[in-house]
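structure00.cif (mmCIF, C-alpha atoms) appears below.
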data_protein
#
loop_
_atom_site.group_PDB
_atom_site.id
_atom_site.type_symbol
_atom_site.label_atom_id
_atom_site.label_comp_id
_atom_site.auth_asym_id
_atom_site.auth_seq_id
_atom_site.Cartn_x
_atom_site.Cartn_y
_atom_site.Cartn_z
ATOM 1 C CA MET A 19 -49.435 81.813 -143.675
ATOM 2 C CA VAL A 20 -47.351 79.151 -141.966
ATOM 3 C CA GLU A 21 -48.488 78.201 -138.476
ATOM 4 C CA TRP A 22 -45.865 77.486 -135.832
ATOM 5 C CA THR A 23 -46.556 75.942 -132.430
ATOM 6 C CA GLU A 24 -44.698 77.219 -129.364
ATOM 7 C CA GLN A 25 -42.772 73.942 -129.327
ATOM 8 C CA GLU A 26 -41.673 74.417 -132.927
ATOM 9 C CA ARG A 27 -40.525 77.982 -132.297
ATOM 10 C CA THR A 28 -38.520 76.839 -129.281
ATOM 11 C CA THR A 29 -36.955 73.975 -131.218
ATOM 12 C CA ILE A 30 -35.785 76.243 -134.031
ATOM 13 C CA THR A 31 -34.531 78.966 -131.704
ATOM 14 C CA ASN A 32 -32.602 76.433 -129.640
ATOM 15 C CA ILE A 33 -30.921 74.870 -132.655
ATOM 16 C CA PHE A 34 -29.724 78.240 -133.926
ATOM 17 C CA THR A 35 -28.746 79.628 -130.517
ATOM 18 C CA ASN A 36 -26.415 76.689 -129.986
ATOM 19 C CA LEU A 37 -25.107 76.655 -133.543
ATOM 20 C CA ASN A 38 -21.388 76.985 -134.319
ATOM 21 C CA TYR A 39 -21.745 78.772 -137.653
ATOM 22 C CA GLU A 40 -18.028 78.522 -138.426
ATOM 23 C CA ASP A 41 -18.268 74.742 -138.175
ATOM 24 C CA VAL A 42 -21.699 73.888 -139.523
ATOM 25 C CA GLY A 43 -21.773 76.365 -142.420
ATOM 26 C CA PRO A 44 -18.664 75.053 -144.163
ATOM 27 C CA LYS A 45 -19.615 71.441 -143.408
ATOM 28 C CA ALA A 46 -23.061 71.813 -144.969
ATOM 29 C CA LEU A 47 -21.868 73.556 -148.123
ATOM 30 C CA CYS A 48 -18.926 71.150 -148.604
ATOM 31 C CA ARG A 49 -21.233 68.175 -148.192
ATOM 32 C CA CYS A 50 -23.588 69.613 -150.799
ATOM 33 C CA LEU A 51 -20.760 70.107 -153.310
ATOM 34 C CA ILE A 52 -19.491 66.564 -152.700
ATOM 35 C CA VAL A 53 -22.788 64.676 -152.531
ATOM 36 C CA TYR A 54 -24.393 66.657 -155.380
ATOM 37 C CA PRO A 55 -21.390 67.574 -157.527
ATOM 38 C CA TRP A 56 -23.455 69.393 -160.152
ATOM 39 C CA THR A 57 -23.961 72.141 -157.582
ATOM 40 C CA GLN A 58 -20.310 73.031 -158.161
ATOM 41 C CA ARG A 59 -21.466 74.827 -161.301
ATOM 42 C CA TYR A 60 -22.131 77.924 -159.207
ATOM 43 C CA PHE A 61 -18.643 78.033 -157.739
ATOM 44 C CA GLY A 62 -16.382 78.255 -160.778
ATOM 45 C CA ALA A 63 -14.581 81.259 -159.356
ATOM 46 C CA PHE A 64 -13.935 79.724 -155.948
ATOM 47 C CA GLY A 65 -10.720 77.858 -156.762
ATOM 48 C CA ASN A 66 -9.855 74.177 -156.467
ATOM 49 C CA LEU A 67 -12.931 71.916 -156.174
ATOM 50 C CA TYR A 68 -11.241 68.951 -157.791
ATOM 51 C CA ASN A 69 -11.985 66.388 -155.091
ATOM 52 C CA ALA A 70 -13.486 66.070 -151.620
ATOM 53 C CA GLU A 71 -10.223 67.004 -149.845
ATOM 54 C CA ALA A 72 -9.798 70.099 -152.022
ATOM 55 C CA ILE A 73 -13.382 71.162 -151.377
ATOM 56 C CA MET A 74 -13.104 70.650 -147.635
ATOM 57 C CA SER A 75 -9.889 72.658 -147.391
ATOM 58 C CA ASN A 76 -11.028 75.466 -149.710
ATOM 59 C CA PRO A 77 -11.190 78.707 -147.675
ATOM 60 C CA ASN A 78 -13.538 80.435 -150.147
ATOM 61 C CA ILE A 79 -16.055 77.622 -149.799
ATOM 62 C CA ALA A 80 -15.747 77.685 -146.019
ATOM 63 C CA ALA A 81 -16.355 81.439 -145.917
ATOM 64 C CA HIS A 82 -19.344 81.125 -148.203
ATOM 65 C CA GLY A 83 -20.785 78.323 -146.091
ATOM 66 C CA ILE A 84 -20.770 80.644 -143.101
ATOM 67 C CA THR A 85 -22.441 83.406 -145.137
ATOM 68 C CA VAL A 86 -25.200 81.082 -146.344
ATOM 69 C CA LEU A 87 -25.863 79.732 -142.858
ATOM 70 C CA HIS A 88 -26.155 83.245 -141.436
ATOM 71 C CA GLY A 89 -28.693 83.840 -144.197
ATOM 72 C CA LEU A 90 -31.028 81.610 -142.217
ATOM 73 C CA ASP A 91 -30.881 83.970 -139.229
ATOM 74 C CA ARG A 92 -33.435 86.285 -140.739
ATOM 75 C CA ALA A 93 -35.889 83.402 -141.039
ATOM 76 C CA VAL A 94 -35.339 82.492 -137.379
ATOM 77 C CA LYS A 95 -36.032 86.098 -136.385
ATOM 78 C CA ASN A 96 -39.092 86.428 -138.664
ATOM 79 C CA MET A 97 -40.706 83.013 -138.517
ATOM 80 C CA ASP A 98 -44.148 84.497 -139.057
ATOM 81 C CA ASN A 99 -43.211 86.212 -142.272
ATOM 82 C CA ILE A 100 -40.500 84.202 -143.964
ATOM 83 C CA LYS A 101 -41.975 84.715 -147.422
ATOM 84 C CA ALA A 102 -41.661 88.512 -147.307
ATOM 85 C CA THR A 103 -38.354 88.356 -145.444
ATOM 86 C CA TYR A 104 -36.703 86.464 -148.316
ATOM 87 C CA ALA A 105 -38.286 88.346 -151.239
ATOM 88 C CA GLU A 106 -35.123 90.314 -151.927
ATOM 89 C CA LEU A 107 -32.826 87.294 -151.548
ATOM 90 C CA SER A 108 -35.103 85.358 -153.868
ATOM 91 C CA VAL A 109 -34.762 88.016 -156.546
ATOM 92 C CA LEU A 110 -30.985 87.966 -156.039
ATOM 93 C CA HIS A 111 -30.756 84.170 -156.448
ATOM 94 C CA SER A 112 -32.924 84.328 -159.551
ATOM 95 C CA GLU A 113 -31.755 87.396 -161.420
ATOM 96 C CA LYS A 114 -28.140 87.780 -160.373
ATOM 97 C CA LEU A 115 -26.955 84.344 -159.230
ATOM 98 C CA HIS A 116 -29.128 82.287 -161.618
ATOM 99 C CA VAL A 117 -29.374 79.404 -159.157
ATOM 100 C CA ASP A 118 -31.784 76.600 -160.072
ATOM 101 C CA PRO A 119 -34.178 76.585 -157.088
ATOM 102 C CA ASP A 120 -33.986 72.775 -156.930
ATOM 103 C CA ASN A 121 -30.545 73.331 -155.441
ATOM 104 C CA PHE A 122 -32.024 74.930 -152.334
ATOM 105 C CA LYS A 123 -33.541 71.581 -151.368
ATOM 106 C CA LEU A 124 -30.223 69.816 -151.929
ATOM 107 C CA LEU A 125 -28.379 72.206 -149.609
ATOM 108 C CA SER A 126 -31.140 72.021 -147.014
ATOM 109 C CA ASP A 127 -30.922 68.193 -147.028
ATOM 110 C CA CYS A 128 -27.171 68.430 -146.424
ATOM 111 C CA LEU A 129 -27.711 70.928 -143.610
ATOM 112 C CA THR A 130 -30.199 68.493 -142.052
ATOM 113 C CA ILE A 131 -27.579 65.716 -142.202
ATOM 114 C CA VAL A 132 -24.908 67.946 -140.618
ATOM 115 C CA ILE A 133 -27.239 69.033 -137.790
ATOM 116 C CA ALA A 134 -28.280 65.382 -137.303
ATOM 117 C CA ALA A 135 -24.619 64.379 -136.950
ATOM 118 C CA LYS A 136 -24.061 67.205 -134.475
ATOM 119 C CA LEU A 137 -27.111 66.535 -132.274
ATOM 120 C CA GLY A 138 -27.117 62.715 -132.480
ATOM 121 C CA LYS A 139 -29.874 61.271 -130.307
ATOM 122 C CA ASP A 140 -31.114 64.792 -129.530
ATOM 123 C CA PHE A 141 -32.153 65.109 -133.178
ATOM 124 C CA THR A 142 -35.397 63.339 -132.364
ATOM 125 C CA PRO A 143 -38.043 62.598 -135.013
ATOM 126 C CA GLU A 144 -40.014 65.608 -133.742
ATOM 127 C CA THR A 145 -36.953 67.876 -133.940
ATOM 128 C CA GLN A 146 -36.254 66.578 -137.436
ATOM 129 C CA ALA A 147 -39.855 67.275 -138.491
ATOM 130 C CA THR A 148 -39.673 70.838 -137.177
ATOM 131 C CA PHE A 149 -36.262 71.541 -138.683
ATOM 132 C CA GLN A 150 -37.286 70.164 -142.076
ATOM 133 C CA LYS A 151 -40.539 72.162 -141.947
ATOM 134 C CA PHE A 152 -38.536 75.326 -141.214
ATOM 135 C CA LEU A 153 -36.105 74.682 -144.074
ATOM 136 C CA ALA A 154 -38.961 73.840 -146.451
ATOM 137 C CA VAL A 155 -40.564 77.214 -145.747
ATOM 138 C CA VAL A 156 -37.238 78.996 -146.368
ATOM 139 C CA VAL A 157 -36.664 77.020 -149.573
ATOM 140 C CA SER A 158 -40.148 77.905 -150.795
ATOM 141 C CA ALA A 159 -39.623 81.599 -150.002
ATOM 142 C CA LEU A 160 -36.287 81.636 -151.810
ATOM 143 C CA GLY A 161 -37.931 80.240 -154.940
ATOM 144 C CA ARG A 162 -40.943 82.506 -154.755
ATOM 145 C CA GLN A 163 -39.708 85.460 -156.853
ATOM 146 C CA TYR A 164 -38.401 83.393 -159.755
ATOM 147 C CA HIS A 165 -40.044 84.166 -163.054
ATOM 148 C CA MET B 17 -25.510 58.101 -161.449
ATOM 149 C CA SER B 18 -24.927 54.385 -160.862
ATOM 150 C CA PRO B 19 -22.539 53.386 -158.083
ATOM 151 C CA THR B 20 -18.959 53.110 -159.326
ATOM 152 C CA ALA B 21 -16.553 50.407 -158.193
ATOM 153 C CA LYS B 22 -15.230 52.893 -155.628
ATOM 154 C CA ASP B 23 -18.769 53.595 -154.361
ATOM 155 C CA LYS B 24 -19.412 49.859 -153.965
ATOM 156 C CA ASP B 25 -16.192 49.397 -151.965
ATOM 157 C CA THR B 26 -17.098 52.364 -149.787
ATOM 158 C CA VAL B 27 -20.603 50.990 -149.154
ATOM 159 C CA LYS B 28 -19.310 47.504 -148.332
ATOM 160 C CA ALA B 29 -16.694 48.883 -145.923
ATOM 161 C CA PHE B 30 -19.213 51.184 -144.218
ATOM 162 C CA TRP B 31 -21.799 48.391 -144.029
ATOM 163 C CA ALA B 32 -19.270 46.191 -142.250
ATOM 164 C CA LYS B 33 -18.985 48.901 -139.581
ATOM 165 C CA ILE B 34 -22.730 49.447 -139.127
ATOM 166 C CA ALA B 35 -24.255 46.002 -139.767
ATOM 167 C CA GLY B 36 -24.358 45.251 -136.048
ATOM 168 C CA LYS B 37 -26.765 48.160 -135.564
ATOM 169 C CA ALA B 38 -28.969 47.335 -138.554
ATOM 170 C CA ASP B 39 -32.071 46.690 -136.437
ATOM 171 C CA ASP B 40 -31.729 50.010 -134.596
ATOM 172 C CA ILE B 41 -31.122 51.820 -137.874
ATOM 173 C CA GLY B 42 -34.247 50.284 -139.402
ATOM 174 C CA THR B 43 -36.402 51.099 -136.389
ATOM 175 C CA ASP B 44 -35.183 54.690 -136.183
ATOM 176 C CA ALA B 45 -35.439 55.341 -139.939
ATOM 177 C CA LEU B 46 -39.002 54.031 -140.100
ATOM 178 C CA SER B 47 -39.979 55.893 -136.936
ATOM 179 C CA ARG B 48 -38.668 59.143 -138.366
ATOM 180 C CA MET B 49 -40.366 58.564 -141.702
ATOM 181 C CA LEU B 50 -43.762 58.078 -140.066
ATOM 182 C CA VAL B 51 -43.354 61.250 -137.969
ATOM 183 C CA VAL B 52 -41.677 63.573 -140.466
ATOM 184 C CA TYR B 53 -43.666 62.413 -143.520
ATOM 185 C CA PRO B 54 -47.088 61.574 -142.089
ATOM 186 C CA GLN B 55 -48.462 60.668 -145.527
ATOM 187 C CA THR B 56 -46.377 57.474 -145.321
ATOM 188 C CA LYS B 57 -48.630 56.279 -142.500
ATOM 189 C CA THR B 58 -51.271 55.498 -145.115
ATOM 190 C CA TYR B 59 -49.403 52.276 -145.901
ATOM 191 C CA PHE B 60 -49.622 51.042 -142.344
ATOM 192 C CA SER B 61 -53.260 51.567 -141.393
ATOM 193 C CA HIS B 62 -53.341 47.890 -140.397
ATOM 194 C CA TRP B 63 -50.821 48.436 -137.567
ATOM 195 C CA LYS B 64 -52.071 48.965 -134.035
ATOM 196 C CA ASP B 65 -49.261 51.287 -133.064
ATOM 197 C CA LEU B 66 -47.432 53.692 -135.396
ATOM 198 C CA SER B 67 -45.508 55.525 -132.693
ATOM 199 C CA PRO B 68 -41.694 55.711 -132.843
ATOM 200 C CA GLY B 69 -40.058 52.486 -131.663
ATOM 201 C CA SER B 70 -43.330 50.555 -131.372
ATOM 202 C CA ALA B 71 -43.350 46.783 -131.860
ATOM 203 C CA PRO B 72 -44.699 46.794 -135.446
ATOM 204 C CA VAL B 73 -42.214 49.573 -136.349
ATOM 205 C CA ARG B 74 -39.306 47.606 -134.878
ATOM 206 C CA LYS B 75 -40.320 44.412 -136.628
ATOM 207 C CA HIS B 76 -40.758 46.130 -139.968
ATOM 208 C CA GLY B 77 -37.489 48.033 -139.550
ATOM 209 C CA GLN B 78 -35.770 44.645 -139.273
ATOM 210 C CA THR B 79 -37.457 43.450 -142.454
ATOM 211 C CA VAL B 80 -36.445 46.556 -144.384
ATOM 212 C CA MET B 81 -32.826 46.452 -143.235
ATOM 213 C CA GLY B 82 -32.723 42.754 -144.113
ATOM 214 C CA GLY B 83 -33.525 43.844 -147.650
ATOM 215 C CA VAL B 84 -30.759 46.472 -147.546
ATOM 216 C CA ALA B 85 -28.272 43.883 -146.254
ATOM 217 C CA ASP B 86 -29.249 41.583 -149.103
ATOM 218 C CA ALA B 87 -28.737 44.410 -151.587
ATOM 219 C CA VAL B 88 -25.240 45.053 -150.185
ATOM 220 C CA LYS B 89 -24.403 41.363 -150.753
ATOM 221 C CA LYS B 90 -25.712 41.647 -154.314
ATOM 222 C CA ILE B 91 -24.232 45.097 -154.856
ATOM 223 C CA ASP B 92 -22.717 44.135 -158.201
ATOM 224 C CA ASP B 93 -26.147 43.561 -159.725
ATOM 225 C CA VAL B 94 -28.795 45.055 -157.507
ATOM 226 C CA SER B 95 -31.498 45.021 -160.206
ATOM 227 C CA ALA B 96 -31.217 41.308 -160.834
ATOM 228 C CA GLY B 97 -30.748 40.491 -157.187
ATOM 229 C CA LEU B 98 -33.916 42.245 -156.000
ATOM 230 C CA LEU B 99 -36.299 41.000 -158.721
ATOM 231 C CA SER B 100 -38.680 39.233 -156.347
ATOM 232 C CA LEU B 101 -38.686 42.165 -153.915
ATOM 233 C CA SER B 102 -39.472 44.439 -156.837
ATOM 234 C CA GLU B 103 -42.431 42.271 -157.802
ATOM 235 C CA LEU B 104 -43.628 42.336 -154.207
ATOM 236 C CA HIS B 105 -43.525 46.143 -154.025
ATOM 237 C CA ALA B 106 -44.964 46.608 -157.527
ATOM 238 C CA LEU B 107 -47.772 44.110 -157.589
ATOM 239 C CA THR B 108 -48.715 43.407 -153.994
ATOM 240 C CA LEU B 109 -47.650 46.322 -151.806
ATOM 241 C CA ARG B 110 -47.987 48.954 -154.549
ATOM 242 C CA VAL B 111 -45.941 51.502 -152.619
ATOM 243 C CA ASP B 112 -45.646 54.713 -154.623
ATOM 244 C CA PRO B 113 -41.955 54.774 -155.636
ATOM 245 C CA ALA B 114 -41.647 58.382 -154.445
ATOM 246 C CA ASN B 115 -41.604 56.931 -150.958
ATOM 247 C CA PHE B 116 -38.346 55.058 -151.589
ATOM 248 C CA LYS B 117 -36.621 58.439 -151.720
ATOM 249 C CA ILE B 118 -38.277 59.458 -148.466
ATOM 250 C CA LEU B 119 -37.177 56.330 -146.617
ATOM 251 C CA SER B 120 -33.667 56.614 -148.116
ATOM 252 C CA HIS B 121 -33.406 60.165 -146.784
ATOM 253 C CA ASN B 122 -34.379 59.025 -143.302
ATOM 254 C CA ILE B 123 -31.846 56.190 -143.413
ATOM 255 C CA LEU B 124 -29.177 58.790 -144.210
ATOM 256 C CA VAL B 125 -30.320 60.989 -141.290
ATOM 257 C CA VAL B 126 -30.110 58.005 -138.916
ATOM 258 C CA LEU B 127 -26.634 57.106 -140.184
ATOM 259 C CA ALA B 128 -25.573 60.708 -139.504
ATOM 260 C CA THR B 129 -26.927 60.634 -135.940
ATOM 261 C CA MET B 130 -25.452 57.207 -135.136
ATOM 262 C CA PHE B 131 -22.118 57.403 -136.955
ATOM 263 C CA PRO B 132 -21.231 61.110 -137.082
ATOM 264 C CA THR B 133 -17.482 60.615 -137.641
ATOM 265 C CA ASP B 134 -17.758 57.685 -140.063
ATOM 266 C CA PHE B 135 -20.562 59.192 -142.160
ATOM 267 C CA THR B 136 -18.219 61.524 -144.029
ATOM 268 C CA PRO B 137 -19.320 63.359 -147.192
ATOM 269 C CA GLU B 138 -17.560 60.680 -149.293
ATOM 270 C CA VAL B 139 -19.401 57.871 -147.504
ATOM 271 C CA HIS B 140 -22.626 59.899 -147.736
ATOM 272 C CA VAL B 141 -22.479 60.229 -151.523
ATOM 273 C CA SER B 142 -21.670 56.525 -152.034
ATOM 274 C CA VAL B 143 -24.466 55.384 -149.716
ATOM 275 C CA ASP B 144 -26.891 57.852 -151.323
ATOM 276 C CA LYS B 145 -26.060 56.487 -154.789
ATOM 277 C CA PHE B 146 -26.434 52.918 -153.515
ATOM 278 C CA LEU B 147 -29.835 53.609 -151.952
ATOM 279 C CA ALA B 148 -30.919 55.290 -155.193
ATOM 280 C CA ALA B 149 -29.833 52.198 -157.136
ATOM 281 C CA LEU B 150 -31.735 50.059 -154.636
ATOM 282 C CA SER B 151 -34.833 52.221 -155.127
ATOM 283 C CA ARG B 152 -34.516 51.938 -158.907
ATOM 284 C CA ALA B 153 -34.225 48.155 -158.593
ATOM 285 C CA LEU B 154 -37.357 48.056 -156.425
ATOM 286 C CA SER B 155 -39.205 50.136 -159.033
ATOM 287 C CA GLU B 156 -38.199 47.806 -161.907
ATOM 288 C CA LYS B 157 -41.418 45.806 -162.082
ATOM 289 C CA TYR B 158 -43.877 48.655 -161.569
ATOM 290 C CA ARG B 159 -44.787 49.124 -165.232
#
Can you turn what I pasted into structure tokens?
Amino acid sequence: MVEWTEQERTTITNIFTNLNYEDVGPKALCRCLIVYPWTQRYFGAFGNLYNAEAIMSNPNIAAHGITVLHGLDRAVKNMDNIKATYAELSVLHSEKLHVDPDNFKLLSDCLTIVIAAKLGKDFTPETQATFQKFLAVVVSALGRQYH
Amino acid sequence: MSPTAKDKDTVKAFWAKIAGKADDIGTDALSRMLVVYPQTKTYFSHWKDLSPGSAPVRKHGQTVMGGVADAVKKIDDVSAGLLSLSELHALTLRVDPANFKILSHNILVVLATMFPTDFTPEVHVSVDKFLAALSRALSEKYR
């Protein structure tokens, strides 16, 4: 089981309490689709992804970014049992969405960059370590039910 | 996934904006790497102080960013330009090349914190590709 210190719990809770989902969600997903263009393979039905401007003004992508970011809420609320919390979502990503689990790391790196840009100096090395640890646990849980 | 002409222009233009802060970028990126990826500390057991912003970290951050600056100047042939640095890393330092990715990631994080408006997704992808090319060039002489 993953061990969290009080400091780590506070750090994660604070980041998500002060999060503007409507801003960060779309930014993170757009960045992922632009920086790692092969991830666009999962969004064939979302409309125009022809270039960065198209991606960043695509309302379907923006909406989905918000959905994905809210998906992290359950991890924030269940930090002591993230593996079980994401079992169902893991099955979904494997059996229905057929997402290569390597993509989870790509999106989590982009989310880290977006949060870093938002927090600036406040995204200290310790905060970064905690945030990346949190995302790594989520990423692992999401890949857990693949077979 | 090599940098295109457009990527190189983007990197050169962005570098012009950030070059003045190169030392701070190097210090911060190294500091973060040592904290967030503690296994990287194994390469610096000879330093007295591995804490963020310490003197050895600052000095080494300068060295590393000097290498990046050089690579930007030689952006049209990074492999050829960094031959001696590659030999240094391969034969003397023997840094596991997996760590180049780790340091690159932390450089990107620092750029995001220091230049939030300029570090757009387009700049991000070009810089990421450039750092990957740099890492490949540094790995050239390993085997």
- Query: Smallest atom-to-atom distance to chain B: which of A:Phe34, A:Tyr164, A:Tyr68, A:Phe141, using all atoms listed in the file?
  - Reply: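 Distance minimum relative to chain B lands on A:Phe141.
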- Item | Close residues, Thr142 in chain A itself excluded, 10 Å, only C-alpha atoms, min 2 positions apart in chain, as a VMD selection string | (chain A and resid 134 137 to 140 144 to 148) or (chain B and resid 44 47 to 48 51 68 126 129)
- Message: As a check of understanding, name the residues that the PyMOL selection byres ((chain B and resi 99-115) around 8) selects in the supplied structure, as an MDAnalysis selection string.
- Response: chainID B and resid 56 59 95:98 116:119 151 153:158
- Looking at A:Pro77, A:Gly89, A:Pro55, A:Gly65, which one is nearest to Tyr39 in chain A, with distances taken over only C-alpha atoms?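 Looking only at the distances to Tyr39 in chain A, the closest residue turns out to be A:Gly89.
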- Query: Which neighbours of Pro72 in chain B fall inside 12 Å, counting only C-alpha atoms, when residues of the same chain fewer than 3 positions from it are skipped, and could you give them as a ChimeraX atom specification?
  - Reply: /B:42-43,46-47,60-69,75-79
- Message: Residue by residue, what does the PyMOL selection byres ((chain B) within 7 of (chain A)) grab here? Present the result as a list in words.
- Response: Arg48, Val51, Val52, Val125, Ala128, Thr129, Met130, Pro132, Pro137, His140 and Val141 of chain B
- Atom pair CA of Leu67 in chain A / CA of Gly83 in chain A: separation (Å): 14.3 Å
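Between CA of Val80 in chain B and CA of Val94 in chain B the separation is 15.3 Å.
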- Query: Quick one: residues within 9 Å of Ala21 in chain B, all atoms listed in the file counted, chain neighbours fewer than 4 positions away excluded, as a PyMOL selection string?
  - Reply: chain B and resi 25-26+92
- For Leu129 in chain A, the nearest of the candidates A:Leu90, A:Ala72, A:Leu160, A:Ile79, counting all atoms listed in the file: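 Among A:Leu90, A:Ala72, A:Leu160, A:Ile79, it is A:Leu90 that comes nearest to Leu129 in chain A.
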- Item | Non-local contacts of Leu110 in chain A (12 Å; all atoms listed in the file; under 2 positions in same chain excluded) as a ChimeraX atom specification | /A:104-108,112-117,119,160-164
- Message: Residue by residue, what does the PyMOL selection byres ((chain A and resi 23) around 12) grab here? Present the result as a PyMOL selection string.
- Response: chain A and resi 20-22+24-30+97-98+148+151-152
What are the centre and the three edge lengths of an axis-aligned box that wraps all atoms of range 122-126 of chain B in the file, given that 4 Å is added to every side, written as JSON and rounded to one decimal in Å?
{"center_x": -31.8, "center_y": 58.6, "center_z": -141.6, "size_x": 13.2, "size_y": 12.8, "size_z": 13.3}
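In this structure, CA of Lys90 in chain B sits 29.6 Å away from CA of Lys57 in chain B.
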- Message: Need the shell around Lys101 in chain A: protein/DNA/RNA residues with any atom at most 9 Å away, counting all atoms listed in the file. Skip same-chain ones fewer than 5 positions apart. Format as a PyMOL selection string?
- Response: chain A and resi 19+93+155-156+158-160+162
- Message: Restricting the calculation to only C-alpha atoms: of A:Ser75, A:Asn66, A:Ser126, A:Asn121, which residue gets closest to Leu87 in chain A?
- Response: A:Ser126
Could range 86-92 of chain A be completed with all heavy atoms and returned as a tab-separated table (two decimals), keeping the file's coordinate frame?
chain	number	residue	atom	x	y	z
A	86	VAL	N	-23.91	81.69	-146.03
A	86	VAL	CA	-25.20	81.08	-146.34
A	86	VAL	C	-25.94	80.71	-145.06
A	86	VAL	O	-27.15	80.96	-144.93
A	86	VAL	CB	-24.99	79.84	-147.24
A	86	VAL	CG1	-26.25	79.01	-147.33
A	86	VAL	CG2	-24.54	80.25	-148.62
A	87	LEU	N	-25.21	80.14	-144.10
A	87	LEU	CA	-25.86	79.73	-142.86
A	87	LEU	C	-26.42	80.94	-142.10
A	87	LEU	O	-27.54	80.91	-141.57
A	87	LEU	CB	-24.88	78.95	-141.98
A	87	LEU	CG	-25.51	78.18	-140.82
A	87	LEU	CD1	-26.61	77.25	-141.32
A	87	LEU	CD2	-24.45	77.40	-140.07
A	88	HIS	N	-25.65	82.04	-142.09
A	88	HIS	CA	-26.16	83.24	-141.44
A	88	HIS	C	-27.38	83.79	-142.16
A	88	HIS	O	-28.20	84.49	-141.57
A	88	HIS	CB	-25.06	84.31	-141.34
A	88	HIS	CG	-24.18	84.15	-140.14
A	88	HIS	ND1	-24.67	84.25	-138.85
A	88	HIS	CD2	-22.86	83.87	-140.02
A	88	HIS	CE1	-23.67	84.06	-138.00
A	88	HIS	NE2	-22.57	83.82	-138.67
A	89	GLY	N	-27.50	83.43	-143.46
A	89	GLY	CA	-28.69	83.84	-144.20
A	89	GLY	C	-29.97	83.29	-143.59
A	89	GLY	O	-31.05	83.85	-143.78
A	90	LEU	N	-29.84	82.19	-142.84
A	90	LEU	CA	-31.03	81.61	-142.22
A	90	LEU	C	-31.46	82.39	-140.98
A	90	LEU	O	-32.59	82.26	-140.52
A	90	LEU	CB	-30.76	80.15	-141.82
A	90	LEU	CG	-30.65	79.16	-142.98
A	90	LEU	CD1	-30.28	77.78	-142.46
A	90	LEU	CD2	-31.96	79.09	-143.74
A	91	ASP	N	-30.56	83.22	-140.45
A	91	ASP	CA	-30.88	83.97	-139.23
A	91	ASP	C	-32.14	84.80	-139.39
A	91	ASP	O	-32.96	84.90	-138.47
A	91	ASP	CB	-29.71	84.89	-138.84
A	91	ASP	CG	-28.51	84.12	-138.35
A	91	ASP	OD1	-28.68	82.93	-138.01
A	91	ASP	OD2	-27.41	84.69	-138.31
A	92	ARG	N	-32.27	85.41	-140.57
A	92	ARG	CA	-33.44	86.28	-140.74
A	92	ARG	C	-34.74	85.51	-140.71
A	92	ARG	O	-35.78	86.05	-140.33
A	92	ARG	CB	-33.31	87.14	-141.99
A	92	ARG	CG	-32.95	86.43	-143.25
A	92	ARG	CD	-32.67	87.42	-144.38
A	92	ARG	NE	-31.25	87.67	-144.57
A	92	ARG	CZ	-30.78	88.56	-145.43
A	92	ARG	NH1	-31.59	89.32	-146.14
A	92	ARG	NH2	-29.48	88.73	-145.56
